[in-house]
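Asks: Pasting final27.cif here (mmCIF, C-alpha atoms):
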```
data_data
#
loop_
_atom_site.group_PDB
_atom_site.id
_atom_site.type_symbol
_atom_site.label_atom_id
_atom_site.label_comp_id
_atom_site.auth_asym_id
_atom_site.auth_seq_id
_atom_site.Cartn_x
_atom_site.Cartn_y
_atom_site.Cartn_z
ATOM 1 C CA VAL A 9 7.380 -11.164 7.410
ATOM 2 C CA GLN A 10 3.661 -11.931 7.572
ATOM 3 C CA LEU A 11 1.200 -9.182 6.758
ATOM 4 C CA GLN A 12 -2.476 -8.682 7.460
ATOM 5 C CA ALA A 13 -4.475 -5.824 5.988
ATOM 6 C CA SER A 14 -7.598 -4.507 7.641
ATOM 7 C CA GLY A 15 -9.861 -1.487 7.728
ATOM 8 C CA GLY A 16 -11.755 -1.893 4.493
ATOM 9 C CA GLY A 17 -15.480 -1.544 4.207
ATOM 10 C CA LEU A 18 -18.308 0.285 2.530
ATOM 11 C CA ALA A 19 -17.890 4.014 2.001
ATOM 12 C CA GLN A 20 -19.799 6.795 0.296
ATOM 13 C CA ILE A 21 -18.354 9.190 -2.250
ATOM 14 C CA GLY A 22 -16.178 11.699 -0.468
ATOM 15 C CA ASP A 23 -15.717 9.574 2.638
ATOM 16 C CA SER A 24 -12.422 8.683 4.256
ATOM 17 C CA LEU A 25 -11.047 5.339 5.355
ATOM 18 C CA THR A 26 -7.794 4.263 6.930
ATOM 19 C CA LEU A 27 -6.361 0.881 6.109
ATOM 20 C CA SER A 28 -3.946 -0.818 8.461
ATOM 21 C CA CYS A 29 -1.277 -3.389 7.740
ATOM 22 C CA THR A 30 -0.174 -5.434 10.728
ATOM 23 C CA ALA A 31 3.170 -7.162 10.376
ATOM 24 C CA SER A 32 4.497 -10.087 12.348
ATOM 25 C CA GLY A 33 7.439 -12.397 12.256
ATOM 26 C CA ARG A 34 10.049 -9.758 11.508
ATOM 27 C CA PRO A 35 10.391 -6.038 12.149
ATOM 28 C CA ILE A 36 9.196 -3.970 9.203
ATOM 29 C CA SER A 37 12.047 -1.560 9.784
ATOM 30 C CA GLY A 38 13.965 -3.714 7.319
ATOM 31 C CA TYR A 39 11.338 -3.394 4.583
ATOM 32 C CA ALA A 40 9.911 -0.871 2.227
ATOM 33 C CA MET A 41 6.143 -1.041 2.513
ATOM 34 C CA SER A 42 3.579 -0.520 -0.187
ATOM 35 C CA TRP A 43 -0.111 -0.722 -0.936
ATOM 36 C CA PHE A 44 -1.520 -2.170 -4.129
ATOM 37 C CA ARG A 45 -5.114 -2.641 -5.181
ATOM 38 C CA GLN A 46 -7.025 -4.853 -7.549
ATOM 39 C CA ALA A 47 -10.428 -3.988 -8.899
ATOM 40 C CA PRO A 48 -12.736 -6.673 -10.321
ATOM 41 C CA GLY A 49 -11.530 -7.802 -13.731
ATOM 42 C CA LYS A 50 -8.389 -5.683 -13.572
ATOM 43 C CA GLU A 51 -4.746 -6.271 -12.840
ATOM 44 C CA ARG A 52 -3.192 -5.429 -9.522
ATOM 45 C CA GLU A 53 -1.980 -1.850 -9.522
ATOM 46 C CA PHE A 54 0.373 0.187 -7.417
ATOM 47 C CA VAL A 55 -1.149 2.698 -4.997
ATOM 48 C CA ALA A 56 1.515 3.984 -2.606
ATOM 49 C CA ALA A 57 4.926 3.134 -1.186
ATOM 50 C CA ILE A 58 7.108 4.249 1.693
ATOM 51 C CA ILE A 59 10.771 3.542 2.229
ATOM 52 C CA LYS A 60 12.188 2.028 5.418
ATOM 53 C CA SER A 61 12.908 5.325 7.118
ATOM 54 C CA ALA A 62 9.632 6.909 5.930
ATOM 55 C CA TYR A 63 11.681 9.743 4.457
ATOM 56 C CA LEU A 64 10.334 9.150 0.957
ATOM 57 C CA THR A 65 6.903 8.214 -0.277
ATOM 58 C CA TYR A 66 5.559 7.461 -3.735
ATOM 59 C CA TYR A 67 2.012 7.582 -5.048
ATOM 60 C CA ALA A 68 0.088 6.576 -8.118
ATOM 61 C CA ASP A 69 -1.178 9.619 -10.001
ATOM 62 C CA SER A 70 -4.763 8.502 -9.418
ATOM 63 C CA VAL A 71 -4.444 8.842 -5.634
ATOM 64 C CA LYS A 72 -1.882 11.630 -5.270
ATOM 65 C CA GLY A 73 -3.196 14.337 -2.990
ATOM 66 C CA ARG A 74 -5.973 12.106 -1.616
ATOM 67 C CA PHE A 75 -4.135 9.142 -0.087
ATOM 68 C CA THR A 76 -1.344 9.167 2.471
ATOM 69 C CA ILE A 77 0.882 6.230 3.302
ATOM 70 C CA SER A 78 2.620 6.066 6.655
ATOM 71 C CA ARG A 79 4.365 3.592 8.899
ATOM 72 C CA ASP A 80 5.055 3.004 12.565
ATOM 73 C CA ASN A 81 8.136 0.839 12.797
ATOM 74 C CA SER A 82 7.949 0.681 16.587
ATOM 75 C CA ASN A 83 4.546 -1.025 16.369
ATOM 76 C CA ASN A 84 5.242 -2.939 13.149
ATOM 77 C CA MET A 85 2.384 -1.248 11.335
ATOM 78 C CA ALA A 86 1.781 0.503 8.039
ATOM 79 C CA TYR A 87 -1.226 2.587 7.098
ATOM 80 C CA LEU A 88 -3.043 4.032 4.132
ATOM 81 C CA ARG A 89 -5.236 7.033 4.814
ATOM 82 C CA MET A 90 -7.723 7.465 1.970
ATOM 83 C CA ASN A 91 -9.633 10.717 1.610
ATOM 84 C CA SER A 92 -12.150 11.887 -0.957
ATOM 85 C CA LEU A 93 -13.008 8.362 -1.984
ATOM 86 C CA ASN A 94 -14.738 7.806 -5.303
ATOM 87 C CA PRO A 95 -16.168 4.698 -7.000
ATOM 88 C CA GLU A 96 -12.942 4.205 -8.977
ATOM 89 C CA ASP A 97 -11.218 3.434 -5.661
ATOM 90 C CA THR A 98 -13.334 0.311 -5.229
ATOM 91 C CA ALA A 99 -10.931 -2.621 -5.038
ATOM 92 C CA VAL A 100 -9.282 -5.150 -2.804
ATOM 93 C CA TYR A 101 -6.323 -3.421 -1.181
ATOM 94 C CA PHE A 102 -3.156 -5.341 -0.379
ATOM 95 C CA CYS A 103 -0.188 -4.353 1.690
ATOM 96 C CA ALA A 104 3.209 -5.620 0.602
ATOM 97 C CA ALA A 105 6.727 -5.680 1.984
ATOM 98 C CA ARG A 106 9.992 -5.611 0.126
ATOM 99 C CA GLY A 107 13.346 -6.192 1.738
ATOM 100 C CA ARG A 108 15.452 -6.963 -1.317
ATOM 101 C CA ASP A 109 16.983 -4.861 -4.108
ATOM 102 C CA LEU A 110 16.088 -1.675 -2.263
ATOM 103 C CA ARG A 111 18.869 0.216 -4.030
ATOM 104 C CA TYR A 112 16.617 0.015 -7.077
ATOM 105 C CA PHE A 113 13.442 0.863 -5.211
ATOM 106 C CA SER A 114 12.960 4.333 -6.663
ATOM 107 C CA GLY A 115 12.580 2.855 -10.132
ATOM 108 C CA THR A 116 10.732 -0.334 -9.309
ATOM 109 C CA TYR A 117 8.398 0.405 -6.388
ATOM 110 C CA HIS A 118 5.387 0.021 -8.654
ATOM 111 C CA ARG A 119 6.201 -3.542 -9.722
ATOM 112 C CA PRO A 120 4.326 -6.130 -7.643
ATOM 113 C CA GLU A 121 6.683 -8.968 -8.602
ATOM 114 C CA LYS A 122 9.474 -7.211 -6.670
ATOM 115 C CA TYR A 123 7.706 -7.705 -3.330
ATOM 116 C CA GLU A 124 8.248 -10.878 -1.336
ATOM 117 C CA SER A 125 5.490 -10.608 1.266
ATOM 118 C CA TRP A 126 1.807 -9.865 0.809
ATOM 119 C CA GLY A 127 -1.184 -9.514 3.072
ATOM 120 C CA GLN A 128 -4.498 -11.165 2.274
ATOM 121 C CA GLY A 129 -6.264 -8.000 1.128
ATOM 122 C CA THR A 130 -9.107 -5.920 2.457
ATOM 123 C CA LEU A 131 -12.084 -4.880 0.344
ATOM 124 C CA VAL A 132 -12.971 -1.232 -0.091
ATOM 125 C CA THR A 133 -16.271 -0.479 -1.778
ATOM 126 C CA VAL A 134 -17.205 3.090 -2.602
ATOM 127 C CA SER A 135 -20.856 3.440 -3.375
ATOM 128 C CA SER A 136 -22.303 6.116 -5.583
#
```
Can the structure in the file be given as structure tokens, please?
Replies:
Amino acid sequence: VQLQASGGGLAQIGDSLTLSCTASGRPISGYAMSWFRQAPGKEREFVAAIIKSAYLTYYADSVKGRFTISRDNSNNMAYLRMNSLNPEDTAVYFCAARGRDLRYFSGTYHRPEKYESWGQGTLVTVSS
């Protein structure tokens, strides 16, 4: 599956943004979908994940209560709604898809090496 993230941009503290992940090539209904981010000089870190059926979601502690991940399998899209943005959210955001080893997903969703498809990233800059 090919992924393309979009929706990033410049935001002020407290603003909201919604990132979109457009999938092509295969239906995302067969994949768990996640968002990761990478700030300058830092390693890529997990942000949020959603299982195939959207029944379960997972969040990094740093975004819990502010970010919401969702998916629309009928339109082959995934989303990340980001509220109450702060400068620490500044990063390139990547969407990722994982179709393998999903029986172990609940313990490994945060590990980027477990994902086989990645989008190109979209930059979010939160200005103070």
Asks: Please list as a VMD selection string every residue within 6 Å of A:Ala13, counting only C-alpha atoms and excluding residues in the same chain fewer than 3 positions away.
Replies: chain A and resid 28 to 29 127 129 to 130
Asks: Which of these residues is nearest to A:Val134, using all atoms listed in the file: A:Glu96, A:Tyr63, A:Ile36, A:Gly107?
Replies: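 Checking each of A:Glu96, A:Tyr63, A:Ile36, A:Gly107 against A:Val134, counting all atoms listed in the file, the winner is A:Glu96.
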Asks: In terms of the shortest atom-to-atom distance over only C-alpha atoms, which of A:Met90, A:Leu110, A:Met41, A:Ile58 is closest to A:Leu27?
Replies: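 Among the listed residues, A:Met90 lies closest to A:Leu27.
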Asks: Rounded to one decimal place, report the atom CA of A:Asn94-atom CA of A:Arg52 distance in Å.
Replies: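 According to the coordinates, atom CA of A:Asn94 and atom CA of A:Arg52 are separated by 18.1 Å.
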Asks: Quote the spacing between atom CA of A:Ser125 and atom CA of A:Arg74 in Å to one decimal place.
Replies: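 These atoms are spaced 25.6 Å apart.
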Asks: Take atom CA of A:Ser135 and atom CA of A:Leu18 and report the distance between them in Å, one decimal.
Replies: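 Between atom CA of A:Ser135 and atom CA of A:Leu18 the gap is 7.2 Å.
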Asks: Which residue is closest to A:Phe102? Choose from A:Leu131, A:Val9, A:Ala19, A:Ala40 and count all atoms listed in the file.
Replies: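 That would be A:Leu131, the residue with the smallest distance to A:Phe102.
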Asks: Of the residues A:Trp126, A:Ser136, A:Arg34, A:Tyr101, which is the one nearest to A:Gly16, using all atoms listed in the file?
Replies: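 Selected residue with least distance to A:Gly16: A:Tyr101.
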Asks: Starting from the shown file, work through the PyMOL selection byres ((chain A and resi 109) around 12) and note down what comes out as a PyMOL selection string.
Replies: chain A and resi 38-40+105-108+110-117+121-124
Asks: With all atoms listed in the file as the atoms that count, which of A:Ser32, A:Thr65, A:Ser14, A:Ser42 lies nearest to A:Asn83?
Replies: A:Ser32
Asks: Which residue out of A:Val132, A:Leu25, A:Leu93, A:Ala104 has the minimum interatomic distance to A:Leu11 when all atoms listed in the file are used?
Replies: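 Closest to A:Leu11 of all the choices is A:Ala104.
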Asks: Tell me, as a count of residues only, which residues lie within 9 Å of A:Pro48, counting only C-alpha atoms; anything in the same chain fewer than 4 positions away does not count.
Replies: 3
Asks: For A:Val55, find every residue with an atom within 9 Å (counting only C-alpha atoms), except residues of its own chain fewer than 5 positions away, and show them as a PyMOL selection string.
Replies: chain A and resi 42-45+66-72+75+101+118
Asks: Selecting N, CA, C and O atoms, how would stretch 98-126 of chain A from this structure be written as a compact mmCIF listing (two decimals), in the first residue's frame?
Replies:
```txt
# COMPACT_ATOMS: atom_id res chain seq x y z
N THR A 98 5.90 20.27 17.20
CA THR A 98 6.57 20.57 15.94
C THR A 98 7.39 19.38 15.48
O THR A 98 8.27 18.90 16.22
N ALA A 99 7.09 18.89 14.28
CA ALA A 99 7.77 17.70 13.77
C ALA A 99 7.27 17.42 12.36
O ALA A 99 6.27 18.00 11.92
N VAL A 100 7.95 16.51 11.70
CA VAL A 100 7.40 15.92 10.48
C VAL A 100 6.57 14.71 10.90
O VAL A 100 7.06 13.86 11.65
N TYR A 101 5.35 14.67 10.44
CA TYR A 101 4.42 13.61 10.81
C TYR A 101 4.30 12.62 9.65
O TYR A 101 4.10 13.02 8.50
N PHE A 102 4.40 11.35 9.99
CA PHE A 102 4.34 10.27 9.01
C PHE A 102 3.17 9.35 9.33
O PHE A 102 2.95 9.00 10.48
N CYS A 103 2.47 8.94 8.29
CA CYS A 103 1.51 7.87 8.50
C CYS A 103 2.15 6.56 8.07
O CYS A 103 3.04 6.54 7.21
N ALA A 104 1.73 5.48 8.70
CA ALA A 104 2.33 4.17 8.46
C ALA A 104 1.24 3.10 8.50
O ALA A 104 0.25 3.24 9.20
N ALA A 105 1.49 2.05 7.73
CA ALA A 105 0.54 0.94 7.67
C ALA A 105 1.25 -0.36 8.01
O ALA A 105 2.40 -0.58 7.63
N ARG A 106 0.53 -1.19 8.72
CA ARG A 106 1.09 -2.48 9.13
C ARG A 106 0.04 -3.56 8.90
O ARG A 106 -1.05 -3.50 9.46
N GLY A 107 0.42 -4.53 8.08
CA GLY A 107 -0.49 -5.62 7.79
C GLY A 107 -0.02 -6.96 8.30
O GLY A 107 -0.74 -7.96 8.17
N ARG A 108 1.15 -6.98 8.91
CA ARG A 108 1.74 -8.24 9.38
C ARG A 108 1.84 -8.28 10.90
O ARG A 108 1.95 -7.25 11.55
N ASP A 109 1.85 -9.51 11.44
CA ASP A 109 2.04 -9.71 12.89
C ASP A 109 1.04 -8.91 13.70
O ASP A 109 1.38 -8.42 14.79
N LEU A 110 -0.19 -8.79 13.23
CA LEU A 110 -1.15 -7.97 13.95
C LEU A 110 -1.62 -8.62 15.24
O LEU A 110 -2.19 -7.95 16.10
N ARG A 111 -1.39 -9.90 15.39
CA ARG A 111 -1.74 -10.55 16.67
C ARG A 111 -0.89 -10.01 17.81
O ARG A 111 -1.26 -10.12 18.97
N TYR A 112 0.25 -9.41 17.45
CA TYR A 112 1.13 -8.83 18.46
C TYR A 112 1.03 -7.32 18.51
O TYR A 112 1.86 -6.64 19.11
N PHE A 113 0.02 -6.76 17.85
CA PHE A 113 -0.03 -5.32 17.67
C PHE A 113 -0.12 -4.58 18.99
O PHE A 113 0.49 -3.54 19.17
N SER A 114 -0.89 -5.11 19.93
CA SER A 114 -1.11 -4.39 21.19
C SER A 114 0.17 -4.16 21.97
O SER A 114 0.23 -3.25 22.80
N GLY A 115 1.19 -4.97 21.70
CA GLY A 115 2.45 -4.79 22.41
C GLY A 115 3.54 -4.14 21.58
O GLY A 115 4.60 -3.80 22.11
N THR A 116 3.28 -3.97 20.31
CA THR A 116 4.35 -3.49 19.42
C THR A 116 3.92 -2.33 18.53
O THR A 116 4.66 -1.96 17.62
N TYR A 117 2.78 -1.74 18.76
CA TYR A 117 2.29 -0.68 17.88
C TYR A 117 3.22 0.53 17.84
O TYR A 117 3.18 1.31 16.91
N HIS A 118 4.03 0.69 18.86
CA HIS A 118 4.89 1.86 18.97
C HIS A 118 6.23 1.69 18.27
O HIS A 118 7.03 2.63 18.23
N ARG A 119 6.49 0.53 17.70
CA ARG A 119 7.78 0.23 17.10
C ARG A 119 7.74 0.47 15.60
O ARG A 119 7.09 -0.27 14.85
N PRO A 120 8.44 1.49 15.12
CA PRO A 120 8.38 1.84 13.70
C PRO A 120 8.89 0.74 12.78
O PRO A 120 8.41 0.63 11.63
N GLU A 121 9.81 -0.08 13.24
CA GLU A 121 10.36 -1.13 12.37
C GLU A 121 9.34 -2.22 12.04
O GLU A 121 9.56 -3.03 11.15
N LYS A 122 8.22 -2.24 12.74
CA LYS A 122 7.17 -3.23 12.50
C LYS A 122 6.24 -2.84 11.35
O LYS A 122 5.41 -3.64 10.94
N TYR A 123 6.37 -1.63 10.85
CA TYR A 123 5.48 -1.15 9.80
C TYR A 123 6.14 -1.30 8.45
O TYR A 123 7.32 -0.98 8.28
N GLU A 124 5.37 -1.75 7.46
CA GLU A 124 5.96 -2.01 6.15
C GLU A 124 5.71 -0.91 5.13
O GLU A 124 6.35 -0.89 4.09
N SER A 125 4.81 0.01 5.41
CA SER A 125 4.54 1.09 4.45
C SER A 125 4.53 2.42 5.18
O SER A 125 3.94 2.53 6.26
N TRP A 126 5.15 3.40 4.55
CA TRP A 126 5.25 4.74 5.12
C TRP A 126 4.91 5.80 4.09
O TRP A 126 5.27 5.65 2.92
```
